[in-house]
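J.: This is coords-v6.tsv (TSV, C-alpha atoms).
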chain	number	residue	atom	x	y	z
A	8	MET	CA	-19.57	18.61	10.57
A	9	ALA	CA	-22.63	18.79	8.37
A	10	ASP	CA	-25.25	16.15	8.90
A	11	SER	CA	-25.60	13.50	6.22
A	12	GLN	CA	-28.59	15.27	4.66
A	13	THR	CA	-26.47	18.35	3.86
A	14	GLU	CA	-23.06	16.71	3.55
A	15	ILE	CA	-21.25	17.66	0.36
A	16	ILE	CA	-20.72	14.66	-1.91
A	17	MET	CA	-18.14	15.47	-4.56
A	18	GLY	CA	-19.19	14.76	-8.13
A	19	GLU	CA	-22.78	14.01	-7.17
A	20	SER	CA	-25.55	14.71	-9.71
A	21	ALA	CA	-28.88	16.27	-8.80
A	22	ASP	CA	-30.55	12.83	-9.22
A	23	GLY	CA	-27.96	11.24	-6.94
A	24	ALA	CA	-28.40	13.94	-4.29
A	25	ARG	CA	-32.18	13.55	-4.37
A	26	LEU	CA	-31.98	9.75	-3.99
A	27	ARG	CA	-29.28	9.98	-1.30
A	28	SER	CA	-31.45	12.40	0.66
A	29	LEU	CA	-34.31	9.89	0.52
A	30	LEU	CA	-32.14	6.90	1.57
A	31	THR	CA	-29.79	8.42	4.17
A	32	ALA	CA	-32.00	8.03	7.24
A	33	THR	CA	-32.69	4.36	6.46
A	34	ALA	CA	-28.97	3.67	6.00
A	35	ALA	CA	-28.11	5.49	9.24
A	36	ASP	CA	-30.78	3.58	11.19
A	37	MET	CA	-29.13	0.37	9.99
A	38	GLY	CA	-25.61	1.56	10.97
A	39	PHE	CA	-24.35	2.53	7.50
A	40	GLU	CA	-23.22	5.65	5.67
A	41	ILE	CA	-23.92	6.25	2.01
A	42	VAL	CA	-20.70	6.92	0.09
A	43	ARG	CA	-22.26	7.58	-3.30
A	44	VAL	CA	-25.53	7.27	-5.21
A	45	ARG	CA	-25.29	7.25	-8.97
A	46	ARG	CA	-27.94	6.78	-11.62
A	47	MET	CA	-26.41	5.16	-14.69
A	48	GLY	CA	-27.83	4.47	-18.10
A	49	GLY	CA	-29.78	6.58	-20.51
A	50	GLU	CA	-33.04	5.78	-22.19
A	51	GLY	CA	-34.85	2.68	-21.05
A	52	ARG	CA	-33.79	0.76	-17.98
A	53	ALA	CA	-31.41	2.57	-15.59
A	54	THR	CA	-29.17	1.23	-12.84
A	55	ILE	CA	-29.23	2.92	-9.45
A	56	GLN	CA	-25.83	2.24	-7.88
A	57	ILE	CA	-25.54	2.84	-4.15
A	58	MET	CA	-22.20	2.47	-2.41
A	59	ALA	CA	-22.34	2.27	1.38
A	60	GLU	CA	-20.19	1.30	4.34
A	61	ARG	CA	-20.18	1.23	8.11
A	62	PRO	CA	-18.57	4.23	9.83
A	63	ASP	CA	-15.36	2.18	10.24
A	64	GLY	CA	-15.20	1.65	6.45
A	65	SER	CA	-16.24	-2.01	6.50
A	66	MET	CA	-18.96	-3.71	4.49
A	67	ASP	CA	-19.93	-7.32	3.91
A	68	ILE	CA	-22.34	-9.23	1.70
A	69	GLU	CA	-24.96	-9.45	4.43
A	70	GLY	CA	-24.84	-5.67	4.91
A	71	CYS	CA	-25.29	-5.12	1.16
A	72	ALA	CA	-28.22	-7.55	1.06
A	73	ASN	CA	-29.93	-5.95	4.09
A	74	LEU	CA	-29.52	-2.44	2.67
A	75	SER	CA	-30.74	-3.60	-0.74
A	76	ARG	CA	-33.95	-5.01	0.76
A	77	ALA	CA	-34.57	-1.87	2.85
A	78	PHE	CA	-33.81	0.53	-0.02
A	79	SER	CA	-35.94	-1.49	-2.44
A	80	ALA	CA	-38.94	-1.31	-0.10
A	81	LEU	CA	-38.46	2.42	0.46
A	82	LEU	CA	-38.08	3.13	-3.27
A	83	ASP	CA	-41.21	1.06	-4.00
A	84	VAL	CA	-43.22	3.19	-1.56
A	85	GLU	CA	-41.74	6.59	-2.47
A	86	ASP	CA	-41.51	5.82	-6.21
A	87	PRO	CA	-38.97	8.60	-7.03
A	88	ILE	CA	-37.89	7.08	-10.35
A	89	ALA	CA	-40.31	7.22	-13.26
A	90	SER	CA	-38.62	4.59	-15.44
A	91	ALA	CA	-37.68	0.96	-14.85
A	92	TYR	CA	-34.41	0.47	-12.99
A	93	ASP	CA	-32.14	-2.10	-11.39
A	94	LEU	CA	-30.92	-1.46	-7.84
A	95	GLU	CA	-27.27	-2.24	-7.09
A	96	VAL	CA	-25.96	-1.91	-3.51
A	97	SER	CA	-22.24	-2.48	-2.93
A	98	SER	CA	-19.22	-1.54	-0.89
A	99	PRO	CA	-16.99	1.19	-2.29
A	100	GLY	CA	-14.33	-1.45	-3.05
A	101	ALA	CA	-10.55	-1.15	-3.06
A	102	GLU	CA	-10.34	1.53	-5.74
A	103	ARG	CA	-13.05	3.36	-3.89
A	104	PRO	CA	-14.48	6.70	-4.87
A	105	LEU	CA	-13.49	9.56	-2.60
A	106	THR	CA	-16.68	11.56	-2.24
A	107	ARG	CA	-16.54	13.22	1.18
A	108	LEU	CA	-13.90	15.40	2.84
A	109	LYS	CA	-13.50	12.78	5.57
A	110	ASP	CA	-12.52	10.20	2.92
A	111	PHE	CA	-9.46	12.31	2.08
A	112	ASP	CA	-8.50	12.49	5.76
A	113	ARG	CA	-9.05	8.73	6.25
A	114	TYR	CA	-6.88	7.80	3.25
A	115	MET	CA	-4.15	10.40	3.77
A	116	GLY	CA	-0.84	9.14	2.39
A	117	PHE	CA	-2.45	6.95	-0.27
A	118	GLU	CA	-2.39	7.69	-3.98
A	119	ALA	CA	-5.48	9.09	-5.68
A	120	LYS	CA	-6.72	10.18	-9.09
A	121	LEU	CA	-8.78	13.33	-9.19
A	122	GLU	CA	-10.66	14.94	-12.08
A	123	THR	CA	-11.91	18.52	-11.94
A	124	ARG	CA	-15.13	19.87	-13.45
A	125	SER	CA	-13.22	22.57	-15.35
A	126	PRO	CA	-9.58	22.77	-16.44
A	127	ILE	CA	-7.02	24.26	-14.08
A	128	ASP	CA	-4.09	25.66	-16.05
A	129	GLY	CA	-5.29	23.56	-19.00
A	130	ARG	CA	-5.49	20.35	-17.01
A	131	ARG	CA	-8.45	18.39	-15.57
A	132	ARG	CA	-6.77	15.16	-14.36
A	133	PHE	CA	-4.43	15.01	-11.39
A	134	ARG	CA	-2.74	12.08	-9.65
A	135	GLY	CA	-0.80	12.23	-6.41
A	136	LEU	CA	-0.60	11.48	-2.71
A	137	ILE	CA	-3.52	12.49	-0.55
A	138	GLU	CA	-2.39	15.12	1.96
A	139	GLY	CA	-5.74	15.29	3.79
A	140	THR	CA	-7.92	18.38	3.96
A	141	ASP	CA	-7.51	21.96	5.11
A	142	ASN	CA	-10.15	24.69	5.33
A	143	SER	CA	-12.66	22.56	3.40
A	144	GLU	CA	-10.21	21.87	0.58
A	145	VAL	CA	-8.84	18.55	-0.59
A	146	LEU	CA	-5.04	18.54	-0.58
A	147	LEU	CA	-3.17	16.44	-3.14
A	148	GLY	CA	0.61	16.25	-3.60
A	149	VAL	CA	1.07	16.31	-7.39
A	150	VAL	CA	4.24	16.12	-9.47
A	151	LEU	CA	3.64	18.91	-11.99
A	152	GLU	CA	6.86	18.44	-13.98
A	153	PRO	CA	8.90	15.25	-14.47
A	154	GLY	CA	11.63	15.00	-11.85
A	155	ALA	CA	10.20	17.82	-9.72
A	156	ALA	CA	9.16	17.43	-6.09
A	157	PRO	CA	5.41	17.13	-5.50
A	158	THR	CA	3.47	20.37	-5.10
A	159	VAL	CA	0.52	20.31	-2.72
A	160	LEU	CA	-2.56	21.58	-4.55
A	161	GLY	CA	-5.87	22.47	-2.90
A	162	PHE	CA	-9.19	21.63	-4.55
A	163	ALA	CA	-12.55	22.95	-3.37
A	164	PRO	CA	-15.14	20.14	-3.24
A	165	ASP	CA	-17.32	21.81	-5.87
A	166	MET	CA	-14.36	21.74	-8.30
A	167	ILE	CA	-14.09	17.94	-8.13
A	168	ALA	CA	-15.99	15.87	-10.69
A	169	ASP	CA	-14.52	12.51	-9.64
A	170	ALA	CA	-11.86	11.19	-7.28
A	171	LYS	CA	-10.79	7.68	-6.36
A	172	ILE	CA	-8.08	5.70	-4.63
A	173	VAL	CA	-5.41	4.15	-6.85
A	174	MET	CA	-4.70	0.56	-5.84
A	175	THR	CA	-0.96	0.28	-5.24
A	176	ASP	CA	1.18	-2.46	-3.69
A	177	GLU	CA	1.45	-0.32	-0.53
A	178	MET	CA	-2.30	0.04	-0.25
A	179	PHE	CA	-2.81	-3.68	-0.86
A	180	ARG	CA	-0.36	-4.46	2.00
A	181	GLU	CA	-2.12	-1.97	4.29
A	182	LEU	CA	-5.56	-3.44	3.54
A	183	SER	CA	-4.21	-6.96	4.09
A	184	LYS	CA	-2.77	-5.94	7.48
A	185	GLN	CA	-6.05	-4.31	8.43
A	186	LYS	CA	-8.03	-7.42	7.41
A	187	GLN	CA	-5.70	-9.67	9.45
A	188	ALA	CA	-6.01	-7.38	12.48
A	189	ASP	CA	-9.81	-7.39	12.17
A	190	ALA	CA	-9.86	-11.20	11.91
A	191	SER	CA	-7.56	-11.52	14.92
A	192	ALA	CA	-9.75	-9.18	16.99
A	193	SER	CA	-12.83	-11.17	15.96
A	194	ASP	CA	-11.15	-14.44	16.97
A	195	GLN	CA	-10.20	-13.01	20.38
A	196	MET	CA	-13.79	-11.93	20.99
A	197	THR	CA	-15.07	-15.48	20.38
A	198	ASP	CA	-12.49	-17.16	22.63
Can you turn what I pasted into structure tokens?

T.:
Amino acid sequence: MADSQTEIIMGESADGARLRSLLTATAADMGFEIVRVRRMGGEGRATIQIMAERPDGSMDIEGCANLSRAFSALLDVEDPIASAYDLEVSSPGAERPLTRLKDFDRYMGFEAKLETRSPIDGRRRFRGLIEGTDNSEVLLGVVLEPGAAPTVLGFAPDMIADAKIVMTDEMFRELSKQKQADASASDQMTD
């Protein structure tokens, strides 16, 4: 596996890659992984959006606040952004972006939307079940024609402009079960 400095982040801009490279070591020292860095906004004041999580996929308000303080201090010292900006640190959320190959393995079996940089057979948007990864490709089971069985399509990471989880009832139930299990384990540790 590539280290986080060279890890491929699907759909990442050059600005995002530069900022992520600057912030990765700080996040790792604090026990977090950066999921995505995105600079939003045009002329004038920009927003730097950083999504992060712990290696187990969790994130809480305290983690966001701690990362925000650390990133703010680092950005003040390094000063990589010429214009005024607002810093936003958050969890990836339920309809999380899928930016790394390991995200597609972690969320295998869940539904995702994927958009390619260039059309494939005249199409840029795909929706289907995540089938994991194989040989550094993202696998997505897509229904290409109404009533047909899903076809597993492979997408190279550099083909992907954007990908995210689709919140479904099944995913909501799975996340609820996971949250209950985490709360139960936490309660047992304090007893």

J.: Neighbouring residues of segment 96-100 of chain A were defined as those with any atom within 10 Å, considering all atoms listed in the file; residues of the same chain fewer than 5 positions away were excluded. Please report them as an MDAnalysis selection string.

T.: chainID A and resid 41:44 55:61 64:68 70:76 78 105 171:172

J.: Keeping only C-alpha atoms, write those residues as an mmCIF file, in the coordinates of the input.

T.:
data_model
loop_
_atom_site.group_PDB
_atom_site.id
_atom_site.type_symbol
_atom_site.label_atom_id
_atom_site.label_comp_id
_atom_site.auth_asym_id
_atom_site.auth_seq_id
_atom_site.Cartn_x
_atom_site.Cartn_y
_atom_site.Cartn_z
ATOM 1 C CA ILE A 41 -23.920 6.250 2.010
ATOM 2 C CA VAL A 42 -20.700 6.920 0.090
ATOM 3 C CA ARG A 43 -22.260 7.580 -3.300
ATOM 4 C CA VAL A 44 -25.530 7.270 -5.210
ATOM 5 C CA ILE A 55 -29.230 2.920 -9.450
ATOM 6 C CA GLN A 56 -25.830 2.240 -7.880
ATOM 7 C CA ILE A 57 -25.540 2.840 -4.150
ATOM 8 C CA MET A 58 -22.200 2.470 -2.410
ATOM 9 C CA ALA A 59 -22.340 2.270 1.380
ATOM 10 C CA GLU A 60 -20.190 1.300 4.340
ATOM 11 C CA ARG A 61 -20.180 1.230 8.110
ATOM 12 C CA GLY A 64 -15.200 1.650 6.450
ATOM 13 C CA SER A 65 -16.240 -2.010 6.500
ATOM 14 C CA MET A 66 -18.960 -3.710 4.490
ATOM 15 C CA ASP A 67 -19.930 -7.320 3.910
ATOM 16 C CA ILE A 68 -22.340 -9.230 1.700
ATOM 17 C CA GLY A 70 -24.840 -5.670 4.910
ATOM 18 C CA CYS A 71 -25.290 -5.120 1.160
ATOM 19 C CA ALA A 72 -28.220 -7.550 1.060
ATOM 20 C CA ASN A 73 -29.930 -5.950 4.090
ATOM 21 C CA LEU A 74 -29.520 -2.440 2.670
ATOM 22 C CA SER A 75 -30.740 -3.600 -0.740
ATOM 23 C CA ARG A 76 -33.950 -5.010 0.760
ATOM 24 C CA PHE A 78 -33.810 0.530 -0.020
ATOM 25 C CA LEU A 105 -13.490 9.560 -2.600
ATOM 26 C CA LYS A 171 -10.790 7.680 -6.360
ATOM 27 C CA ILE A 172 -8.080 5.700 -4.630
#

J.: With distances taken over all atoms listed in the file, which residue among A:Met115, A:Ala163, A:Asp176, A:Gly129 lies nearest Gly148 of chain A?

T.: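 Among A:Met115, A:Ala163, A:Asp176, A:Gly129, it is A:Met115 that comes nearest to Gly148 of chain A.
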
J.: Write out as a list in words which residues come within 9 Å of Pro87 of chain A when counting all atoms listed in the file, dropping same-chain ones fewer than 4 positions away.

T.: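 After dropping sequence-adjacent residues, the list is Arg25, Leu26, Leu29, Leu82 and Asp83 of chain A.
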
J.: Kindly give the distance, in Å, that separates atom CA of Tyr114 of chain A and atom CA of Gly139 of chain A, rounded to a single decimal.

T.: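 Between atom CA of Tyr114 of chain A and atom CA of Gly139 of chain A the gap works out to 7.6 Å.
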
J.: Expressed in Å to a single decimal, how great is the separation between atom CA of Ile167 of chain A and atom CA of Arg131 of chain A?

T.: 9.3 Å

J.: What separation in Å, quoted to one decimal, exists between atom CA of Val159 of chain A and atom CA of Leu146 of chain A?

T.: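 According to the coordinates, atom CA of Val159 of chain A and atom CA of Leu146 of chain A are separated by 6.2 Å.
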
J.: Go through A:Glu50, A:Asp86, A:Asp93, A:Glu40 one by one, measure the shortest atom-to-atom distance of each to Asp110 of chain A using only C-alpha atoms, and give the residue with the smallest value.

T.: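 Nearest to Asp110 of chain A: A:Glu40.
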
J.: Identify which of the residues A:Glu118, A:Glu69, A:Glu181, A:Asp112 lies closest to Leu136 of chain A, counting all atoms listed in the file when measuring atom-to-atom distances.

T.: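 Using all atoms listed in the file, Leu136 of chain A sits closest to A:Glu118.
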
J.: Within 6 Å of (-15.1, 18.5, -10.1) (file coordinates; all atoms listed in the file), which protein or nucleic acid residues are there? I'd like them as a PyMOL selection string.

T.: chain A and resi 18+123-124+165-168

J.: How big is the axis-aligned box around the listed atoms of segment 63-80 of chain A once 5 Å is added on each side, and where is its centre? Give both in Å to one decimal, as AutoDock Vina command-line options.

T.:
--center_x -27.1 --center_y -3.6 --center_z 3.9 --size_x 33.7 --size_y 21.6 --size_z 22.7

J.: For each of A:Met37, A:Leu94, A:Ala77, A:Leu151, take the minimum atom-to-atom distance to Thr54 of chain A, counting all atoms listed in the file, then give the residue where this is smallest.

T.: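 The shortest atom-to-atom distance to Thr54 of chain A comes from A:Leu94.
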
J.: List the neighbours of Thr31 of chain A out to 9 Å using all atoms listed in the file; skip same-chain residues closer than 3 positions along the sequence, and give me the result as a PyMOL selection string.

T.: chain A and resi 11-12+26-28+34-36+39-41

J.: Residues within 8 Å of Lys120 of chain A, please, as an MDAnalysis selection string. Count only C-alpha atoms; anything in the same chain fewer than 2 positions from it doesn't count.

T.: chainID A and resid 118 122 132:135 170:173

J.: Counting all atoms listed in the file, which residue out of A:Asp169, A:Glu177, A:Glu19, A:Glu14 sits closest to Pro104 of chain A?

T.: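 When distances to Pro104 of chain A are compared using all atoms listed in the file, the smallest one comes from A:Asp169.
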
J.: Find the spatial neighbours of Ser143 of chain A, counting only C-alpha atoms, within a cut-off of 10 Å - ignore same-chain residues fewer than 6 positions away - and output them as a list in words.

T.: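 Residues near the query, excluding close chain neighbours: Leu108, Gly161, Phe162, Ala163 and Pro164 of chain A.
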
J.: Dump C-alpha atoms for the selected residues as an mmCIF file, in the frame of the given file?

T.:
data_model
loop_
_atom_site.group_PDB
_atom_site.id
_atom_site.type_symbol
_atom_site.label_atom_id
_atom_site.label_comp_id
_atom_site.auth_asym_id
_atom_site.auth_seq_id
_atom_site.Cartn_x
_atom_site.Cartn_y
_atom_site.Cartn_z
ATOM 1 C CA LEU A 108 -13.900 15.400 2.840
ATOM 2 C CA GLY A 161 -5.870 22.470 -2.900
ATOM 3 C CA PHE A 162 -9.190 21.630 -4.550
ATOM 4 C CA ALA A 163 -12.550 22.950 -3.370
ATOM 5 C CA PRO A 164 -15.140 20.140 -3.240
#

J.: Since the input is missing atoms, can you rebuild N, CA and C atoms for segment 20-45 of chain A and write them as a PDB file, in the frame of the given file?

T.:
ATOM      1  N   SER A  20     -24.548  14.080  -8.836  1.00  0.00           N
ATOM      2  CA  SER A  20     -25.550  14.710  -9.710  1.00  0.00           C
ATOM      3  C   SER A  20     -26.770  15.105  -8.880  1.00  0.00           C
ATOM      4  N   ALA A  21     -27.647  15.886  -9.476  1.00  0.00           N
ATOM      5  CA  ALA A  21     -28.880  16.270  -8.800  1.00  0.00           C
ATOM      6  C   ALA A  21     -29.741  15.038  -8.498  1.00  0.00           C
ATOM      7  N   ASP A  22     -29.809  14.080  -9.453  1.00  0.00           N
ATOM      8  CA  ASP A  22     -30.550  12.830  -9.220  1.00  0.00           C
ATOM      9  C   ASP A  22     -29.959  12.054  -8.046  1.00  0.00           C
ATOM     10  N   GLY A  23     -28.631  11.954  -8.023  1.00  0.00           N
ATOM     11  CA  GLY A  23     -27.960  11.240  -6.940  1.00  0.00           C
ATOM     12  C   GLY A  23     -28.217  11.887  -5.597  1.00  0.00           C
ATOM     13  N   ALA A  24     -28.160  13.222  -5.547  1.00  0.00           N
ATOM     14  CA  ALA A  24     -28.400  13.940  -4.290  1.00  0.00           C
ATOM     15  C   ALA A  24     -29.833  13.722  -3.803  1.00  0.00           C
ATOM     16  N   ARG A  25     -30.775  13.748  -4.724  1.00  0.00           N
ATOM     17  CA  ARG A  25     -32.180  13.550  -4.370  1.00  0.00           C
ATOM     18  C   ARG A  25     -32.400  12.141  -3.797  1.00  0.00           C
ATOM     19  N   LEU A  26     -31.836  11.134  -4.464  1.00  0.00           N
ATOM     20  CA  LEU A  26     -31.980   9.750  -3.990  1.00  0.00           C
ATOM     21  C   LEU A  26     -31.245   9.546  -2.668  1.00  0.00           C
ATOM     22  N   ARG A  27     -30.040  10.113  -2.552  1.00  0.00           N
ATOM     23  CA  ARG A  27     -29.280   9.980  -1.300  1.00  0.00           C
ATOM     24  C   ARG A  27     -30.052  10.585  -0.142  1.00  0.00           C
ATOM     25  N   SER A  28     -30.663  11.745  -0.374  1.00  0.00           N
ATOM     26  CA  SER A  28     -31.450  12.400   0.660  1.00  0.00           C
ATOM     27  C   SER A  28     -32.598  11.498   1.133  1.00  0.00           C
ATOM     28  N   LEU A  29     -33.208  10.795   0.205  1.00  0.00           N
ATOM     29  CA  LEU A  29     -34.310   9.890   0.520  1.00  0.00           C
ATOM     30  C   LEU A  29     -33.831   8.660   1.313  1.00  0.00           C
ATOM     31  N   LEU A  30     -32.624   8.157   1.006  1.00  0.00           N
ATOM     32  CA  LEU A  30     -32.140   6.900   1.570  1.00  0.00           C
ATOM     33  C   LEU A  30     -31.274   7.031   2.823  1.00  0.00           C
ATOM     34  N   THR A  31     -30.775   8.231   3.102  1.00  0.00           N
ATOM     35  CA  THR A  31     -29.790   8.420   4.170  1.00  0.00           C
ATOM     36  C   THR A  31     -30.293   7.984   5.541  1.00  0.00           C
ATOM     37  N   ALA A  32     -31.494   8.375   5.907  1.00  0.00           N
ATOM     38  CA  ALA A  32     -32.000   8.030   7.240  1.00  0.00           C
ATOM     39  C   ALA A  32     -32.121   6.515   7.419  1.00  0.00           C
ATOM     40  N   THR A  33     -32.580   5.824   6.392  1.00  0.00           N
ATOM     41  CA  THR A  33     -32.690   4.360   6.460  1.00  0.00           C
ATOM     42  C   THR A  33     -31.314   3.730   6.651  1.00  0.00           C
ATOM     43  N   ALA A  34     -30.331   4.199   5.874  1.00  0.00           N
ATOM     44  CA  ALA A  34     -28.970   3.670   6.000  1.00  0.00           C
ATOM     45  C   ALA A  34     -28.435   3.931   7.409  1.00  0.00           C
ATOM     46  N   ALA A  35     -28.617   5.142   7.910  1.00  0.00           N
ATOM     47  CA  ALA A  35     -28.110   5.490   9.240  1.00  0.00           C
ATOM     48  C   ALA A  35     -28.769   4.640  10.327  1.00  0.00           C
ATOM     49  N   ASP A  36     -30.073   4.423  10.213  1.00  0.00           N
ATOM     50  CA  ASP A  36     -30.780   3.580  11.190  1.00  0.00           C
ATOM     51  C   ASP A  36     -30.226   2.162  11.218  1.00  0.00           C
ATOM     52  N   MET A  37     -29.675   1.718  10.088  1.00  0.00           N
ATOM     53  CA  MET A  37     -29.130   0.370   9.990  1.00  0.00           C
ATOM     54  C   MET A  37     -27.620   0.338  10.290  1.00  0.00           C
ATOM     55  N   GLY A  38     -27.027   1.504  10.609  1.00  0.00           N
ATOM     56  CA  GLY A  38     -25.610   1.560  10.970  1.00  0.00           C
ATOM     57  C   GLY A  38     -24.674   1.760   9.791  1.00  0.00           C
ATOM     58  N   PHE A  39     -25.173   2.335   8.695  1.00  0.00           N
ATOM     59  CA  PHE A  39     -24.350   2.530   7.500  1.00  0.00           C
ATOM     60  C   PHE A  39     -24.334   3.995   7.083  1.00  0.00           C
ATOM     61  N   GLU A  40     -23.328   4.336   6.304  1.00  0.00           N
ATOM     62  CA  GLU A  40     -23.220   5.650   5.670  1.00  0.00           C
ATOM     63  C   GLU A  40     -23.244   5.440   4.168  1.00  0.00           C
ATOM     64  N   ILE A  41     -23.912   6.321   3.467  1.00  0.00           N
ATOM     65  CA  ILE A  41     -23.920   6.250   2.010  1.00  0.00           C
ATOM     66  C   ILE A  41     -22.697   7.000   1.491  1.00  0.00           C
ATOM     67  N   VAL A  42     -21.905   6.326   0.685  1.00  0.00           N
ATOM     68  CA  VAL A  42     -20.700   6.920   0.090  1.00  0.00           C
ATOM     69  C   VAL A  42     -21.063   7.632  -1.205  1.00  0.00           C
ATOM     70  N   ARG A  43     -21.895   6.992  -2.016  1.00  0.00           N
ATOM     71  CA  ARG A  43     -22.260   7.580  -3.300  1.00  0.00           C
ATOM     72  C   ARG A  43     -23.539   6.941  -3.815  1.00  0.00           C
ATOM     73  N   VAL A  44     -24.362   7.754  -4.477  1.00  0.00           N
ATOM     74  CA  VAL A  44     -25.530   7.270  -5.210  1.00  0.00           C
ATOM     75  C   VAL A  44     -25.372   7.776  -6.630  1.00  0.00           C
ATOM     76  N   ARG A  45     -25.461   6.867  -7.564  1.00  0.00           N
ATOM     77  CA  ARG A  45     -25.290   7.250  -8.970  1.00  0.00           C
ATOM     78  C   ARG A  45     -26.352   6.550  -9.802  1.00  0.00           C
TER      79      ARG A  45
END
